[in-house]
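Worksheet for the structure shown next.
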Amino acid sequence: MRFGGTTALAGVDLTVARGERVAVVGASGAGKSTLLGVLDGTVTPSAGKVLVHGTDPGSVRGRELRRLRGRTGTVRQHLELPGQLRVVHNVNAGRLGSWSVSRAAWSLLRPQGTAEVAAALHRLGLADRMYERTDRLSGGQRQRVAVARLLVQRPELVLADEPASALDPALADTVLAVLGELAAERGGALVACLHDPALALRHSDRVVGLDSGRVVLDAAAGSLTVAELERFYGVAR
Amino acid sequence: MTTVLDRAVPPAARLARDRRRWAWGLTAVVLTAAALAGAGLFSGSVLNPGGSAQFGRFATAALRPELDPGFLSVVAGSALVTVAYAVLGGGLALVLGAVGAALVSRRTWGRRRSGWLAARGLLAVPRGLHEAVWGLLLVNVLGLDPWVGVLAIAVPYGAVTATVFADLLDEVPGGGYEALRAAGAGRGTAALYGLLPSAAGGLLSYSFYRLECAVRSAVVLGLIGAGGLGYQLALSFTSLRWEQVWTTVYALGLLCLLADVGGRAVRRRVAAPPSPGPGRDPVLTTAVGIVVALVAWSLWFLALSPAALVSARAREQLSYVASAAWPPSTQRSLLADVAATAVDTLAMSVVAVVVATAGALLLAGLAARSPGAGPVRRAGGALVRLVLLLLRAVPPPVWALVLLFVLLPGVLPGALALGVYTLGVLGRLVGEAVEEADRRPREALRAAGASAAGAWLYGAVPALTGPVLALALHRWEVAIRDTVLVGLLGAGGIGVLLSARISAFDWPAVATVLGAIVVLSFAVDVVAERARAALR
Amino acid sequence: MSTAPAARSGGPGNELVPLLPRISRRTLLAGTGAAVVAALAGCGGSSSAGPDPARQLRIGAIPDQDPEVLQRLHATVADSLADALGIPVEYRPVTDYAAAVSLFRTGDLDLVWFGGLTGVQARLQTPGAVPVAQRDIDADFHSVFVVNSSTGVTPADDLRPLADLRFTYGSQTSTSGRLMPAYFLREAGVDPEGFPGGPGFSGSHDSTLALVASGTYQAGAVNEQVWLARSAAGEVDPAVVAYARTPGYHDYHWLLGPRAAERLGGPDRLTAHFTGLSPDRPADAIVLDLFGAGAFIPTEAANYRRIEEIGRDLGLVS
């Protein structure tokens with residue numbers, strides 16, 4: 001596909017099955033974020049065909065499209081959490097697909113479903129930050145708030161763009177484990193862009209390597225070693 | 001197994017409300033309720049359905065404005081006068097503002113807070129009075145000289161601009177400035193190299209915004225006799241020739257639109273400059289060139305002579321007015337009237353701002369240009385922007401009369417007139433804030449299945465609340481001054497008192513009322529500033 | 001318009017200011033007026049263009065006529081005066097009387113067509129000012145109280161039924177729209193400020209008629225000349241009916257400023273000019289017609305003594 005005047009992805013033919021955990025690796029600008037955008041519907045491919053949950057997102061509209069989109073959850077690289085909101089609201093934003101507008105509005109005044117939010121934050125070590133303003137949190141803490149949002153959204157397809165970039169190694173493992181479990185709970189899949197080869201191998205079943213918008217590697221995680229992957233990064237750089 | 005990072009059972013987090021914000025919120029609710037009650041909204045009928053025919057005459061005339069070639073040429077000529085006053089008044093205000101900014105910047109005063117407060121308080125006098133009031137005072141000193149119109153805009157605008165410029169400069173991180181000072185640079189040089197470059201964008205944007213406001217003010221001055229479109233409007237309005245009124249309003253709308261488009265182009269350029277080349281940015285250079293040319297043309301057109309300002313006659317008239325007005329009246333009955341009408345004015349300004357803010361919030365989403373919108377959405381947006389433009393192109397006194405046709409007399413018609421006019425201004429400002437807001441949180445929520453409204457609530461509103469409330473609070477202070485405009489017509493507020501005392505040439509009483517207006521708008525300014533601080 | 005100041009300006013050229021108010025609209029602030037008008041715009045630094053201001057006569061007038069008609073007024077009245085006096089006469093449109101009072105005081109206007117009350121105000125602020133002439137109808141001028149027919153109030157001489165109605169005056173300093181109606185109301189035992197919700201100030205006679213037609217105000221007071229003209233033209237909403245006519249009083253007149261009076265050797269030449277206008281001469285007839293007058297007659301300060309007293313009582317003259 002062409003994107004923004006330059007070709008971001010080309011000739012990508014990829015199928016992700018239920019239950020799979022896929023790590024997408026590649027240098028910056030290789031097309032990783034575009035691939036995730038195509039999957040969650042924020043990027044419309046200029047050519048080719050995309051089926052998400054077996055449906056072409058371009059073929060449905062309105063409520064049906066919203067339902068389809070609600071089945072996919074994304075942790076974005078830039079997080080995109082309004083800093084003025086309290087953590088609880090930013091987590092609850094994951095439920096907007098199923099909430100009515102009036103309930104969503106009321107929740108801003110009296111937070112709804114706090115038990116689930118608390119549980120999600122608890123899993124990520126942020127339980128005491130529930131009512132903090134999001135912009136008072138560190139980068140790593142915000143990253144985990146974005147993950148907590150997915151926990152209450154409960155999507156089948158979990159997409160994550162560098163979800164552990166601002167975390168120390170222990171927390172990074174936790175977050176990826178949580179994401180993997182989240183996908184497994186609904187019998188779905190996890191697709192994560194990662195730049196740390198060891199982390200990628202520890203938390204995926206399959207590794208897809210991108211270079212200049214093309215798939216240059218697609219192999220089971222078990223068949224790869226950290227050294228091989230590092231070389232891949234080295235080549236790409 | 002579920003991954004849990006917390007080992008111990010966490011202490012339940014408690015929702016702690018920000019007390020300061022809640023106190024401000026509560027105050028706002030109480031103030032609004034009191035203002036609405038004061039406007040008579042809860043005590044019987046306020047509508048006068050019998051006047052719908054008169055209102056209809058005004059409204060339908062919008063569709064058939066006077067297009068007689070003779071009248072159109074008059075309007076075109078008047079538009080030139082309005083432009084000349086706006087350019088010179090606005091331009092002089094920017095010069096005064098730049099000088100004044102140095103006086104009221106926190107950097108100038110450093111730790112000497114009392115000095116800073118005094119300087120700031122000094123500006124309360126020029127900015128506390130409406131342009132129309134300045135026009136009235138100046139005509140008594142300068143007579144028919146065109147300086148009246150220019151100064152009536154430049155004096156209050158200069159004071160406001162000084163405050164805004166100072167705030168913009170104070171917000172620039174001081175590192176560069178301090179470093180230059182430490183290296184031995186003088187204050188001026190350090191500001192030139194250490195502060196101005198960072199603040200230039202904001203300063204330029206604001207300058208263009210001020211020029212657009214000056215067009216509207218020039219029309220208000222025309223209403224009180226300073227010529228131009230406002231003068232034509234006053235003539236047509238006096239005899240209720242609505243077709244002519246609309247033609248003039250459309251002409252004014254066109255001028256505002258031109259200023260707006262120019263300002264927008266400059267703002268956009270400043271916000272996102274093209275890839276840096278060796279030369280100057282052609283768009284900005286052209287814009288500045290046009291403004292300079294306009295100033296030169298206006299000087300020639302109005303034939304301003306600095307000598308008129310210091311002429312013996314001006315001094316003589318100044319001393320006449322000053323000695324007539326001093327000492328200000330302290331009559332008990334007058335003070336009682338001042339207090340009562342000040343309360344009305346406060347109620348009017350609150351109703352106006354609440355109406356305008358609510359309307360602006362409802363319309364802002366539509367008024368904002370959104371990239372990638374469909375043709376229907378685009379057309380709708382253009383229509384909303386056009387309506388907002390007309391709301392602010394019709395001067396408040398006209399709104400007051402036509403609303404008085406369908407509302408019973410009291411504070412409400414005046415308050416709503418101001419509200420409608422303020423909605424025109426605020427709707428545009430809020431729309432711009434929406435355009436400038438980060439769209440990505442909204443899009444992310446949409447991608448996760450949120451409805452448009454839900455994504456708006458969680459993705460856009462949080463980031464917009466602060467700026468929008470700040471804008472509304474700023475307009476509140478402006479509305480206090482604007483109440484003077486609708487004071488006539490029994491539309492209530494301290495403007496009625498001012499107009500009555502001026503009619504009687506009761507200068508001591510005029511001085512007292514003007515003092516009260518300055519104090520009132522200064523007080524509102526202080527309260528609004530506190531509220532803004534609590535919102536940050 | 002006898003003078004041709006800087007052609008460049010948005011000046012008072014006819015082409016720019018064809019319309020004048022029928023009646024002063026005290027749009028906002030009475031007094032403000034800043035009749036700075038387009039005119040000035042142009043002539044801008046008045047010293048820099050046109051003939052020597054000391055030699056010329058600057059007149060201002062806000063007659064009760066249609067704006068369309070008034071375009072001709074500048075030229076006609078100014079030319080007629082210039083011919084008679086042999087000096088340049090410049091017409092300066094003014095939007096409102098209170099502004100005219102200030103400009104008369106500052107010497108920017110030499111000869112102004114004032115209402116009864118504004119004439120008194122101008123004379124008190126400008127020592128040496130002298131009344132020059134009035135119209136035949138001004139010696140016995142009247143106001144009309146109008147009511148909205150839905151009030152069920154029927155025409156009568158008794159003004160007391162008006163006390164319970166929402167009532168609007170015209171402009172604050174209008175003699176026929178405010179001062180005299182208030183005076184006659186008080187004479188009849190009605191508090192002129194005591195109407196339900198306080199009296200309104202519509203700003204102009206036309207606005208008064210529209211507001212009474214709408215029912216926002218149930219009653220109001222207007223200048224009889226305007227009432228008759230609008231009625232004759234069929235422009236009055238049928239919902240508005242005349243309730244009562246006030247007794248007569250002195251109203252509009254030409255007032256001459258002290259400096260001009262000195263230059264012209266007193267008001268006599270002007271008085272003679274105005275009183276000499278004859279409906280039989282076509283040029284004169286136009287001027288008379290524009291002012292809605294059969295003829296101009298002499299007047300004197302004493303004619304306005306009662307207005308001054310009433311103005312003081314009502315707090316409009318200080």
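In the structure tokens, the first chain shown is A, the next is B, and so on; residue numbers restart at 1 for each chain, and ligands run from 1 in the order shown.
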
Could you give me, as a PDB file with C-alpha atoms, in the first residue's frame, the residues within 10 Å of Arg123 (chain C), counting only C-alpha atoms and dropping anything in the same chain fewer than 3 positions from it?
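Below is the file that was written, part-v9.pdb:
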ATOM      1  CA  VAL C 101     -24.543  70.140  22.363  1.00  0.00           C
ATOM      2  CA  PHE C 104     -21.539  73.474  19.930  1.00  0.00           C
ATOM      3  CA  ARG C 105     -19.704  74.104  23.184  1.00  0.00           C
ATOM      4  CA  LEU C 117     -34.255  71.021  25.793  1.00  0.00           C
ATOM      5  CA  THR C 118     -30.973  70.514  23.972  1.00  0.00           C
ATOM      6  CA  GLY C 119     -31.093  74.173  22.951  1.00  0.00           C
ATOM      7  CA  VAL C 120     -31.330  75.138  26.615  1.00  0.00           C
ATOM      8  CA  THR C 126     -22.010  78.135  25.864  1.00  0.00           C
ATOM      9  CA  PRO C 127     -22.242  81.667  27.199  1.00  0.00           C
ATOM     10  CA  GLY C 128     -23.124  84.129  24.458  1.00  0.00           C
ATOM     11  CA  ALA C 129     -25.164  81.706  22.349  1.00  0.00           C
ATOM     12  CA  VAL C 130     -28.340  83.219  20.928  1.00  0.00           C
ATOM     13  CA  PRO C 131     -31.540  81.687  19.493  1.00  0.00           C
ATOM     14  CA  LEU C 255     -29.051  78.423  17.942  1.00  0.00           C
ATOM     15  CA  LEU C 256     -26.003  80.529  17.020  1.00  0.00           C
ATOM     16  CA  GLY C 257     -22.662  80.164  18.820  1.00  0.00           C
ATOM     17  CA  PRO C 258     -20.862  83.152  20.380  1.00  0.00           C
ATOM     18  CA  ALA C 301     -34.357  82.838  24.908  1.00  0.00           C
TER      19      ALA C 301
END

Set the distance at 12 Å and use only C-alpha atoms: which residues neighbour Gly19 (chain A) once local chain neighbours fewer than 6 positions away are removed? I'd like the list as a list in words.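 Counting only the stated atoms, we get Glu156, Leu157, Val158, Gly180, Glu181, Leu182, Ala183, Ala184, Glu185, Arg186, Gly187, Gly188, Ala189, Leu190, Val191, Ser204, Asp205 and Arg206 of chain A.
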
Using only C-alpha atoms, tabulate the residues of chain B lying at most 6 Å from any atom of chain C, each with its closest atom pair and that distance in Å to one decimal, by chain and increasing residue number, as a tab-separated table.
residue	atom	partner	partner_atom	distance
B:Gly50	CA	C:Ser214	CA	5.4
B:Gly51	CA	C:Ser214	CA	3.9
B:Val74	CA	C:Leu16	CA	4.9
B:Gly77	CA	C:Leu16	CA	6.0
B:Val81	CA	C:Gly10	CA	5.6
B:Leu136	CA	C:Thr32	CA	4.0
B:Val139	CA	C:Ala34	CA	5.0
B:Asn140	CA	C:Ser102	CA	5.9
B:Gly143	CA	C:Leu103	CA	5.7
B:Leu144	CA	C:Val36	CA	4.8
B:Pro146	CA	C:Ala41	CA	5.5
B:Ile224	CA	C:Gly33	CA	4.7
B:Gly225	CA	C:Ala35	CA	4.4
B:Ala226	CA	C:Val36	CA	4.2
B:Gly227	CA	C:Ala38	CA	3.7
B:Gly228	CA	C:Ala38	CA	5.5
B:Leu235	CA	C:Pro21	CA	4.9
B:Thr238	CA	C:Arg25	CA	5.5
B:Ser239	CA	C:Asp206	CA	5.8
B:Phe301	CA	C:Ser9	CA	5.1
B:Leu302	CA	C:Gly44	CA	5.4
B:Ala303	CA	C:Gly44	CA	5.2
B:Leu304	CA	C:Gly45	CA	5.8
B:Ser305	CA	C:Gly45	CA	5.9
B:Phe405	CA	C:Ser214	CA	5.8
B:Leu408	CA	C:Thr216	CA	5.3
B:Leu485	CA	C:Leu28	CA	5.9
B:Leu488	CA	C:Leu28	CA	5.8
B:Leu489	CA	C:Phe201	CA	4.6
B:Gly490	CA	C:Gly200	CA	4.6
B:Ser499	CA	C:Leu29	CA	4.6
B:Ile502	CA	C:Gly31	CA	5.8
B:Ser503	CA	C:Ala30	CA	4.8
B:Ala504	CA	C:Leu316	CA	4.3

Hey, can you spit out that residue selection with N, CA, C and O atoms as a CSV table (one decimal), in the first residue's frame?
chain,number,residue,atom,x,y,z
B,50,GLY,N,-46.5,39.1,21.1
B,50,GLY,CA,-47.1,40.1,20.2
B,50,GLY,C,-46.1,40.8,19.3
B,50,GLY,O,-46.5,41.3,18.3
B,51,GLY,N,-44.8,40.7,19.7
B,51,GLY,CA,-43.8,41.5,18.9
B,51,GLY,C,-43.2,40.6,17.8
B,51,GLY,O,-42.3,41.1,17.2
B,74,VAL,N,-22.6,54.3,-1.2
B,74,VAL,CA,-22.5,54.9,0.1
B,74,VAL,C,-21.9,54.0,1.1
B,74,VAL,O,-20.9,54.3,1.8
B,77,GLY,N,-18.2,53.4,0.4
B,77,GLY,CA,-17.4,54.6,0.9
B,77,GLY,C,-17.2,54.6,2.4
B,77,GLY,O,-16.2,54.8,2.9
B,81,VAL,N,-14.0,54.3,5.5
B,81,VAL,CA,-13.8,55.1,6.7
B,81,VAL,C,-13.6,54.1,7.9
B,81,VAL,O,-12.7,54.3,8.7
B,136,LEU,N,-17.0,59.1,23.6
B,136,LEU,CA,-17.9,60.1,24.2
B,136,LEU,C,-17.0,61.2,25.0
B,136,LEU,O,-17.2,62.4,24.9
B,139,VAL,N,-14.8,63.2,22.5
B,139,VAL,CA,-15.4,64.2,21.6
B,139,VAL,C,-15.6,65.5,22.4
B,139,VAL,O,-15.7,66.6,21.8
B,140,ASN,N,-15.7,65.4,23.7
B,140,ASN,CA,-15.8,66.6,24.5
B,140,ASN,C,-14.5,67.4,24.6
B,140,ASN,O,-14.5,68.6,25.0
B,143,GLY,N,-13.5,67.5,20.0
B,143,GLY,CA,-14.5,67.9,19.0
B,143,GLY,C,-14.7,67.0,17.9
B,143,GLY,O,-14.8,65.8,18.0
B,144,LEU,N,-14.6,67.5,16.7
B,144,LEU,CA,-14.8,66.7,15.5
B,144,LEU,C,-13.6,66.1,14.9
B,144,LEU,O,-13.6,65.6,13.8
B,146,PRO,N,-10.7,63.7,13.8
B,146,PRO,CA,-10.6,62.2,13.6
B,146,PRO,C,-9.8,61.5,14.7
B,146,PRO,O,-10.0,60.3,14.8
B,224,ILE,N,-22.0,55.8,17.5
B,224,ILE,CA,-22.1,57.0,18.3
B,224,ILE,C,-21.7,58.2,17.6
B,224,ILE,O,-21.5,59.2,18.1
B,225,GLY,N,-21.4,58.0,16.3
B,225,GLY,CA,-21.1,59.2,15.5
B,225,GLY,C,-19.8,59.3,14.8
B,225,GLY,O,-19.5,60.4,14.2
B,226,ALA,N,-18.9,58.4,15.0
B,226,ALA,CA,-17.6,58.5,14.4
B,226,ALA,C,-17.5,58.2,12.9
B,226,ALA,O,-16.4,58.1,12.4
B,227,GLY,N,-18.6,58.1,12.3
B,227,GLY,CA,-18.5,57.9,10.8
B,227,GLY,C,-18.4,56.5,10.4
B,227,GLY,O,-18.2,55.5,11.2
B,228,GLY,N,-18.4,56.3,9.1
B,228,GLY,CA,-18.2,54.9,8.5
B,228,GLY,C,-19.4,54.1,8.6
B,228,GLY,O,-20.6,54.6,8.6
B,235,LEU,N,-28.1,55.5,11.1
B,235,LEU,CA,-29.1,56.3,10.4
B,235,LEU,C,-30.2,55.3,10.0
B,235,LEU,O,-31.4,55.6,10.2
B,238,THR,N,-32.1,54.1,13.2
B,238,THR,CA,-33.0,55.0,13.8
B,238,THR,C,-34.4,55.0,13.2
B,238,THR,O,-35.4,55.1,13.9
B,239,SER,N,-34.4,54.9,11.9
B,239,SER,CA,-35.7,54.9,11.2
B,239,SER,C,-36.2,53.5,10.9
B,239,SER,O,-37.1,53.3,10.1
B,301,PHE,N,-5.7,59.2,4.5
B,301,PHE,CA,-7.2,59.3,4.3
B,301,PHE,C,-7.9,60.1,5.4
B,301,PHE,O,-8.7,60.9,5.1
B,302,LEU,N,-7.5,59.9,6.6
B,302,LEU,CA,-8.1,60.6,7.7
B,302,LEU,C,-7.4,61.9,7.9
B,302,LEU,O,-7.9,62.7,8.7
B,303,ALA,N,-6.3,62.2,7.3
B,303,ALA,CA,-5.6,63.4,7.5
B,303,ALA,C,-5.4,63.7,9.0
B,303,ALA,O,-5.7,64.8,9.5
B,304,LEU,N,-4.8,62.8,9.7
B,304,LEU,CA,-4.5,63.0,11.1
B,304,LEU,C,-3.4,64.0,11.3
B,304,LEU,O,-2.4,63.9,10.6
B,305,SER,N,-3.6,64.9,12.2
B,305,SER,CA,-2.5,65.8,12.5
B,305,SER,C,-2.2,65.8,13.9
B,305,SER,O,-3.1,66.0,14.8
B,405,PHE,N,-38.5,43.6,21.1
B,405,PHE,CA,-39.8,43.4,20.4
B,405,PHE,C,-40.4,42.1,21.0
B,405,PHE,O,-41.6,42.0,21.1
B,408,LEU,N,-40.3,41.0,27.2
B,408,LEU,CA,-40.8,42.1,28.0
B,408,LEU,C,-39.6,42.9,28.5
B,408,LEU,O,-38.5,42.4,28.7
B,485,LEU,N,-23.2,49.4,26.4
B,485,LEU,CA,-23.7,49.6,25.0
B,485,LEU,C,-25.2,49.4,24.9
B,485,LEU,O,-25.9,50.0,24.1
B,488,LEU,N,-29.0,51.6,27.2
B,488,LEU,CA,-30.2,52.4,26.8
B,488,LEU,C,-31.3,51.5,26.5
B,488,LEU,O,-31.2,50.3,26.8
B,489,LEU,N,-32.5,52.0,26.1
B,489,LEU,CA,-33.6,51.1,25.8
B,489,LEU,C,-34.1,50.5,27.0
B,489,LEU,O,-34.8,49.5,27.0
B,490,GLY,N,-33.8,51.0,28.2
B,490,GLY,CA,-34.3,50.4,29.4
B,490,GLY,C,-33.8,49.0,29.5
B,490,GLY,O,-34.4,48.1,30.2
B,499,SER,N,-25.9,56.8,30.6
B,499,SER,CA,-26.6,57.5,29.5
B,499,SER,C,-27.4,58.6,30.0
B,499,SER,O,-27.4,59.7,29.5
B,502,ILE,N,-25.2,61.5,31.3
B,502,ILE,CA,-24.5,62.2,30.2
B,502,ILE,C,-25.5,63.1,29.5
B,502,ILE,O,-25.2,64.2,29.1
B,503,SER,N,-26.7,62.6,29.3
B,503,SER,CA,-27.7,63.4,28.7
B,503,SER,C,-28.0,64.7,29.4
B,503,SER,O,-28.3,65.7,28.8
B,504,ALA,N,-27.8,64.6,30.8
B,504,ALA,CA,-28.1,65.8,31.6
B,504,ALA,C,-26.8,66.6,31.7
B,504,ALA,O,-26.8,67.6,32.4

Taking the backbone alone, and naming residues the way the document does, which bits of region 58-273 of chain C are strand (DSSP E) by DSSP, as number ranges by chain? C: 58-61, 89-91, 111-114, 130-135, 143-148, 167-169, 200-201, 219-223, 240-245, 253-256

So what do you get for CA of Arg305 (chain C) versus CA of Ala182 (chain C), distance-wise? 16.7 Å

As an MDAnalysis selection string, list the residues of region 15-199 of chain A assigned to alpha helix (DSSP H) by DSSP on the backbone atoms of this structure. chainID A and resid 32:40 62:70 87:92 101:109 114:123 139:153 169:185 197:199

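Residues from chain A that have an atom within 6 Å of chain B, counting only C-alpha atoms, are Arg66, Arg69, Gly70, Gly73, Glu80, Gln84, Leu96, Gly97, Val101, Arg123, Leu124, Gly125, Asp128 and Tyr131 of chain A.
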
Please provide as a VMD selection string all residues within 9 Å of His273 (chain C), with the sequence filter that same-chain residues fewer than 5 positions apart are discarded (counting only C-alpha atoms). chain C and resid 81 84 to 85 268

Tell me which protein, DNA and RNA residues are within 12 Å of Ser231 (chain C), counting only C-alpha atoms, leaving out same-chain ones fewer than 6 positions away, and put them as a PyMOL selection string. chain C and resi 206+209+224-225+237-238+240-242

Dump N, CA and C atoms for the selected residues as a short mmCIF file (atom, residue, chain, number, x, y, z; two decimals), in the first residue's frame?
data_model
loop_
_atom_site.label_atom_id
_atom_site.label_comp_id
_atom_site.auth_asym_id
_atom_site.auth_seq_id
_atom_site.Cartn_x
_atom_site.Cartn_y
_atom_site.Cartn_z
N ASP C 206 -39.53 56.58 15.99
CA ASP C 206 -39.91 55.38 15.23
C ASP C 206 -39.80 54.12 16.07
N LEU C 209 -42.78 53.88 18.34
CA LEU C 209 -43.97 53.37 17.65
C LEU C 209 -43.87 51.86 17.46
N GLU C 224 -45.59 64.98 17.74
CA GLU C 224 -46.81 64.99 16.94
C GLU C 224 -46.52 65.07 15.44
N GLN C 225 -45.48 65.84 15.09
CA GLN C 225 -45.14 65.99 13.67
C GLN C 225 -44.83 64.62 13.06
N ASP C 237 -48.44 50.96 12.57
CA ASP C 237 -49.12 49.69 12.80
C ASP C 237 -50.51 49.96 13.38
N PRO C 238 -51.55 49.27 12.85
CA PRO C 238 -52.92 49.54 13.33
C PRO C 238 -53.08 49.31 14.83
N VAL C 240 -51.38 50.54 17.07
CA VAL C 240 -51.03 51.75 17.81
C VAL C 240 -52.09 52.82 17.59
N VAL C 241 -52.66 53.31 18.68
CA VAL C 241 -53.66 54.36 18.54
C VAL C 241 -53.29 55.56 19.40
N ALA C 242 -53.70 56.75 18.93
CA ALA C 242 -53.42 57.96 19.70
C ALA C 242 -54.33 57.97 20.92
#

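Between CA of Ala244 (chain C) and CA of Leu162 (chain C) there is a distance of 10.4 Å.
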
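Computed from the coordinates, the CA of Thr161 (chain B) to CA of Tyr177 (chain B) distance equals 22.0 Å.
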